[in-house]
Amino acid sequence: MKTLQAHLVNYACYHRDLRNIHTHFVGIPLIVLAVAVLLACLPLGMGLLALHPVLLGAILFYLRLDLALGALMAVVMLLAGWAGTVLAALPWGLWLGLALFVAGWVIQFVGHAYEGRKPAFVDDLVGLLVGPLFVVAEWLFLLGFYRDLQACIIEAAGPVRTVQKVAAGG
């Protein structure tokens with residue numbers, strides 16, 4: 001199994017445009033919530049929903065990569081699961097889940113249009129699990145945490161590109 005650093009470096013290689021990263025701050029949480037809603041609409045029996053084994057698998061994946069970051073991801077995923085269950089119970093919960101899913105992916109593809117590169121999951125389906133981790137890691141980097149990990153990602157994937165404004169008349 002790849003390391004945390006290897007997963008994030010691979011994912012970061014598809015996400016070096018700051019506008020793309022910013023769209024992921026919105027699109028990925030929408031998709032995670034949407035998937036939670038949709039899976040909460042599927043009962044498995046004995047009080048279990050399709051959401052439960054998926055959440056457990058995702059949390060175990062994150063914990064195996066890094067205990068501290070995995071614990072934070074577990075909280076994030078459990079909150080998404082709780083919110084998804086609440087929203088799925090609404091009379092129009094399924095439609096809300098579908099709308100969130102579509103909106104999240106539209107935002108993602110806008111970001112990748114800026115990037116000029118396909119999404120990471122196209123080459124590796126594990127990217128679907130790494131995406132939420134990437135967003136949380138990027139937030140942690142902005143808050144000053146995991147600086148060594150951030151430096152390794154930048155060294156391996158390159159710096160994040162920002163859009164430079166062109167001076168008028170020049």
# chains A, B, ... in the order shown; residues from 1 in each chain; ligands from 1
$ residues_around --residues "His15 (chain A)" --least-positions-apart "2" --cutoff "9 Å" --atoms "only C-alpha atoms" --output "MDAnalysis selection string"
chainID A and resid 11:13 17:18 20:21 111:112 115 117 119:120 157 160
$ write_last_selection --atoms "N, CA and C atoms" --output "compact mmCIF listing (two decimals), in the first residue's frame"
# COMPACT_ATOMS: atom_id res chain seq x y z
N TYR A 11 -1.74 12.68 -6.09
CA TYR A 11 -2.94 13.49 -6.27
C TYR A 11 -2.57 14.94 -6.58
N ALA A 12 -1.55 15.45 -5.90
CA ALA A 12 -1.13 16.84 -6.10
C ALA A 12 -0.63 17.07 -7.52
N CYS A 13 -0.06 16.06 -8.15
CA CYS A 13 0.42 16.22 -9.52
C CYS A 13 -0.71 16.61 -10.47
N ASP A 17 -2.83 24.00 -10.04
CA ASP A 17 -3.42 25.31 -10.29
C ASP A 17 -4.26 25.69 -9.07
N LEU A 18 -3.98 26.86 -8.52
CA LEU A 18 -4.66 27.28 -7.30
C LEU A 18 -6.18 27.35 -7.48
N ASN A 20 -7.99 25.42 -9.32
CA ASN A 20 -8.46 24.04 -9.25
C ASN A 20 -8.55 23.59 -7.78
N ILE A 21 -7.52 23.90 -7.02
CA ILE A 21 -7.53 23.54 -5.60
C ILE A 21 -8.70 24.22 -4.91
N GLY A 111 -12.82 23.18 -12.20
CA GLY A 111 -11.45 23.26 -11.67
C GLY A 111 -10.45 22.58 -12.58
N HIS A 112 -10.82 21.42 -13.10
CA HIS A 112 -9.88 20.71 -13.97
C HIS A 112 -9.77 21.36 -15.35
N GLU A 115 -7.08 23.66 -14.64
CA GLU A 115 -5.85 22.87 -14.51
C GLU A 115 -5.34 22.44 -15.89
N ARG A 117 -5.98 19.48 -17.00
CA ARG A 117 -5.61 18.08 -16.79
C ARG A 117 -6.82 17.33 -16.25
N PRO A 119 -9.03 14.64 -13.98
CA PRO A 119 -9.00 14.33 -12.55
C PRO A 119 -8.13 13.10 -12.26
N ALA A 120 -7.56 13.05 -11.08
CA ALA A 120 -6.65 11.97 -10.69
C ALA A 120 -7.33 10.61 -10.70
N ALA A 157 5.83 17.34 -6.60
CA ALA A 157 4.78 17.68 -7.58
C ALA A 157 4.98 19.05 -8.20
N VAL A 160 2.46 25.25 -6.48
CA VAL A 160 1.12 25.59 -6.91
C VAL A 160 1.20 26.84 -7.78
$ closest_atom_pairs --of "region 73-105 of chain A" --to "region 121-142 of chain A" --cutoff "12 Å" --atoms "only C-alpha atoms" --output "tab-separated table"
residue	atom	partner	partner_atom	distance
A:Met73	CA	A:Leu133	CA	7.0
A:Ala74	CA	A:Leu133	CA	10.4
A:Val75	CA	A:Val136	CA	11.4
A:Val76	CA	A:Val136	CA	8.9
A:Met77	CA	A:Pro132	CA	9.2
A:Ala80	CA	A:Pro132	CA	11.3
A:Trp105	CA	A:Leu128	CA	11.9
$ write_last_selection --atoms "N, CA and C atoms" --output "PDB file, in the first residue's frame"
ATOM      1  N   MET A  73      -9.773  12.690   9.732  1.00  0.00           N
ATOM      2  CA  MET A  73     -10.614  12.271   8.613  1.00  0.00           C
ATOM      3  C   MET A  73     -11.803  11.451   9.112  1.00  0.00           C
ATOM      4  N   ALA A  74     -11.603  10.655  10.156  1.00  0.00           N
ATOM      5  CA  ALA A  74     -12.712   9.883  10.729  1.00  0.00           C
ATOM      6  C   ALA A  74     -13.796  10.825  11.241  1.00  0.00           C
ATOM      7  N   VAL A  75     -13.389  11.895  11.914  1.00  0.00           N
ATOM      8  CA  VAL A  75     -14.365  12.879  12.400  1.00  0.00           C
ATOM      9  C   VAL A  75     -15.098  13.518  11.220  1.00  0.00           C
ATOM     10  N   VAL A  76     -14.349  13.915  10.204  1.00  0.00           N
ATOM     11  CA  VAL A  76     -14.951  14.540   9.016  1.00  0.00           C
ATOM     12  C   VAL A  76     -15.931  13.576   8.358  1.00  0.00           C
ATOM     13  N   MET A  77     -15.519  12.325   8.170  1.00  0.00           N
ATOM     14  CA  MET A  77     -16.375  11.336   7.509  1.00  0.00           C
ATOM     15  C   MET A  77     -17.602  11.002   8.349  1.00  0.00           C
ATOM     16  N   ALA A  80     -19.997  13.837   7.982  1.00  0.00           N
ATOM     17  CA  ALA A  80     -20.653  13.743   6.674  1.00  0.00           C
ATOM     18  C   ALA A  80     -21.692  12.626   6.684  1.00  0.00           C
ATOM     19  N   TRP A 105     -19.667  17.636  -8.902  1.00  0.00           N
ATOM     20  CA  TRP A 105     -18.868  17.225 -10.049  1.00  0.00           C
ATOM     21  C   TRP A 105     -18.737  18.340 -11.072  1.00  0.00           C
TER      22      TRP A 105
END
$ closest_residue --among "A:Gly104, A:Pro29, A:Gly81, A:Gly97" --to "Ala50 (chain A)" --atoms "only C-alpha atoms"
A:Gly81
$ closest_residue --among "A:Thr23, A:Thr85, A:Thr162, A:Asn10" --to "Val106 (chain A)" --atoms "only C-alpha atoms"
A:Thr23
$ select_by_dssp --residues "region 20-154 of chain A" --states "alpha helix (DSSP H)" --output "CSV table (one decimal) with C-alpha atoms, in the first residue's frame"
chain,number,residue,atom,x,y,z
A,20,ASN,CA,-8.5,24.0,-9.2
A,21,ILE,CA,-7.5,23.5,-5.6
A,22,HIS,CA,-10.1,26.2,-4.6
A,23,THR,CA,-12.8,24.5,-6.6
A,24,HIS,CA,-12.0,21.3,-4.7
A,25,PHE,CA,-12.6,23.0,-1.4
A,26,VAL,CA,-16.2,23.3,-2.5
A,27,GLY,CA,-16.7,20.4,-4.9
A,28,ILE,CA,-15.3,17.6,-2.9
A,29,PRO,CA,-17.2,18.3,0.3
A,30,LEU,CA,-20.4,18.5,-1.8
A,31,ILE,CA,-19.6,15.1,-3.4
A,32,VAL,CA,-18.8,13.5,0.0
A,33,LEU,CA,-22.0,14.8,1.4
A,34,ALA,CA,-23.9,13.7,-1.7
A,35,VAL,CA,-22.5,10.2,-1.5
A,36,ALA,CA,-23.4,10.0,2.2
A,37,VAL,CA,-27.0,11.0,1.4
A,38,LEU,CA,-27.3,8.6,-1.5
A,39,LEU,CA,-25.8,5.7,0.5
A,40,ALA,CA,-28.0,6.5,3.5
A,51,LEU,CA,-23.4,4.2,4.1
A,52,HIS,CA,-22.0,2.3,7.2
A,53,PRO,CA,-19.6,-0.2,5.5
A,54,VAL,CA,-18.4,2.5,3.1
A,55,LEU,CA,-17.7,4.9,6.0
A,56,LEU,CA,-15.9,2.1,7.9
A,57,GLY,CA,-13.7,1.3,4.9
A,58,ALA,CA,-12.8,4.9,4.2
A,59,ILE,CA,-12.0,5.5,7.8
A,60,LEU,CA,-9.8,2.4,8.0
A,61,PHE,CA,-8.0,3.6,4.8
A,62,TYR,CA,-7.2,7.0,6.3
A,63,LEU,CA,-6.2,5.6,9.7
A,64,ARG,CA,-3.8,3.1,8.0
A,65,LEU,CA,-2.1,6.1,6.2
A,67,LEU,CA,-3.1,7.9,12.7
A,68,ALA,CA,-3.5,11.6,13.5
A,69,LEU,CA,-4.7,12.7,10.1
A,70,GLY,CA,-6.8,9.5,9.9
A,71,ALA,CA,-8.5,10.4,13.2
A,72,LEU,CA,-9.3,13.9,11.8
A,73,MET,CA,-10.6,12.3,8.6
A,74,ALA,CA,-12.7,9.9,10.7
A,75,VAL,CA,-14.4,12.9,12.4
A,76,VAL,CA,-15.0,14.5,9.0
A,77,MET,CA,-16.4,11.3,7.5
A,78,LEU,CA,-18.6,10.6,10.5
A,79,LEU,CA,-20.0,14.2,10.4
A,80,ALA,CA,-20.7,13.7,6.7
A,81,GLY,CA,-22.3,10.4,7.4
A,82,TRP,CA,-24.5,11.9,10.1
A,83,ALA,CA,-25.5,14.9,7.9
A,84,GLY,CA,-26.1,12.5,5.0
A,85,THR,CA,-28.4,10.3,7.1
A,86,VAL,CA,-30.3,13.4,8.3
A,87,LEU,CA,-30.7,14.7,4.8
A,88,ALA,CA,-31.6,11.3,3.4
A,93,GLY,CA,-33.5,13.5,0.4
A,94,LEU,CA,-32.7,11.3,-2.6
A,95,TRP,CA,-33.2,14.3,-5.0
A,96,LEU,CA,-31.1,16.5,-2.8
A,97,GLY,CA,-28.3,13.9,-2.8
A,98,LEU,CA,-28.4,13.7,-6.6
A,99,ALA,CA,-28.4,17.5,-6.9
A,100,LEU,CA,-25.4,17.8,-4.6
A,101,PHE,CA,-23.6,15.1,-6.5
A,102,VAL,CA,-24.1,16.8,-9.9
A,103,ALA,CA,-23.2,20.2,-8.5
A,104,GLY,CA,-20.1,18.9,-6.8
A,105,TRP,CA,-18.9,17.2,-10.0
A,106,VAL,CA,-19.6,20.3,-12.2
A,107,ILE,CA,-17.5,22.3,-9.8
A,108,GLN,CA,-14.7,19.7,-10.0
A,109,PHE,CA,-14.7,19.7,-13.8
A,110,VAL,CA,-14.6,23.5,-13.9
A,111,GLY,CA,-11.5,23.3,-11.7
A,112,HIS,CA,-9.9,20.7,-14.0
A,113,ALA,CA,-10.6,23.0,-17.0
A,114,TYR,CA,-8.4,25.6,-15.2
A,115,GLU,CA,-5.8,22.9,-14.5
A,127,GLY,CA,-8.1,9.1,-6.0
A,128,LEU,CA,-11.8,9.1,-5.1
A,129,LEU,CA,-10.7,8.4,-1.5
A,130,VAL,CA,-7.6,10.6,-1.6
A,131,GLY,CA,-9.6,13.7,-2.8
A,132,PRO,CA,-11.2,14.4,0.6
A,133,LEU,CA,-7.9,13.7,2.3
A,134,PHE,CA,-6.2,16.2,-0.1
A,135,VAL,CA,-8.7,18.9,0.8
A,136,VAL,CA,-8.2,18.4,4.5
A,137,ALA,CA,-4.5,18.3,4.1
A,138,GLU,CA,-4.6,21.6,2.1
A,139,TRP,CA,-6.6,23.2,4.9
A,140,LEU,CA,-4.1,22.0,7.4
A,141,PHE,CA,-1.2,23.4,5.3
A,142,LEU,CA,-3.0,26.8,5.2
A,147,ARG,CA,4.8,21.7,6.9
A,148,ASP,CA,7.2,18.8,6.3
A,149,LEU,CA,4.6,16.9,4.3
A,150,GLN,CA,3.7,20.1,2.4
A,151,ALA,CA,7.3,20.6,1.5
A,152,CYS,CA,7.7,17.0,0.3
A,153,ILE,CA,4.6,17.4,-1.9
A,154,ILE,CA,5.9,20.7,-3.4
$ atom_distance --atom1 "CA of Lys2 (chain A)" --atom2 "CA of Arg161 (chain A)"
26.1 Å
$ closest_residue --among "A:Ala156, A:Gly116, A:Cys41, A:Asp66" --to "Pro91 (chain A)" --atoms "only C-alpha atoms"
A:Cys41
$ select_by_dssp --residues "region 8-161 of chain A" --states "strand (DSSP E or B)" --output "list in words"
Asp17, Pro43, Leu44, Gly45, Leu48, Leu49 and Arg161 of chain A
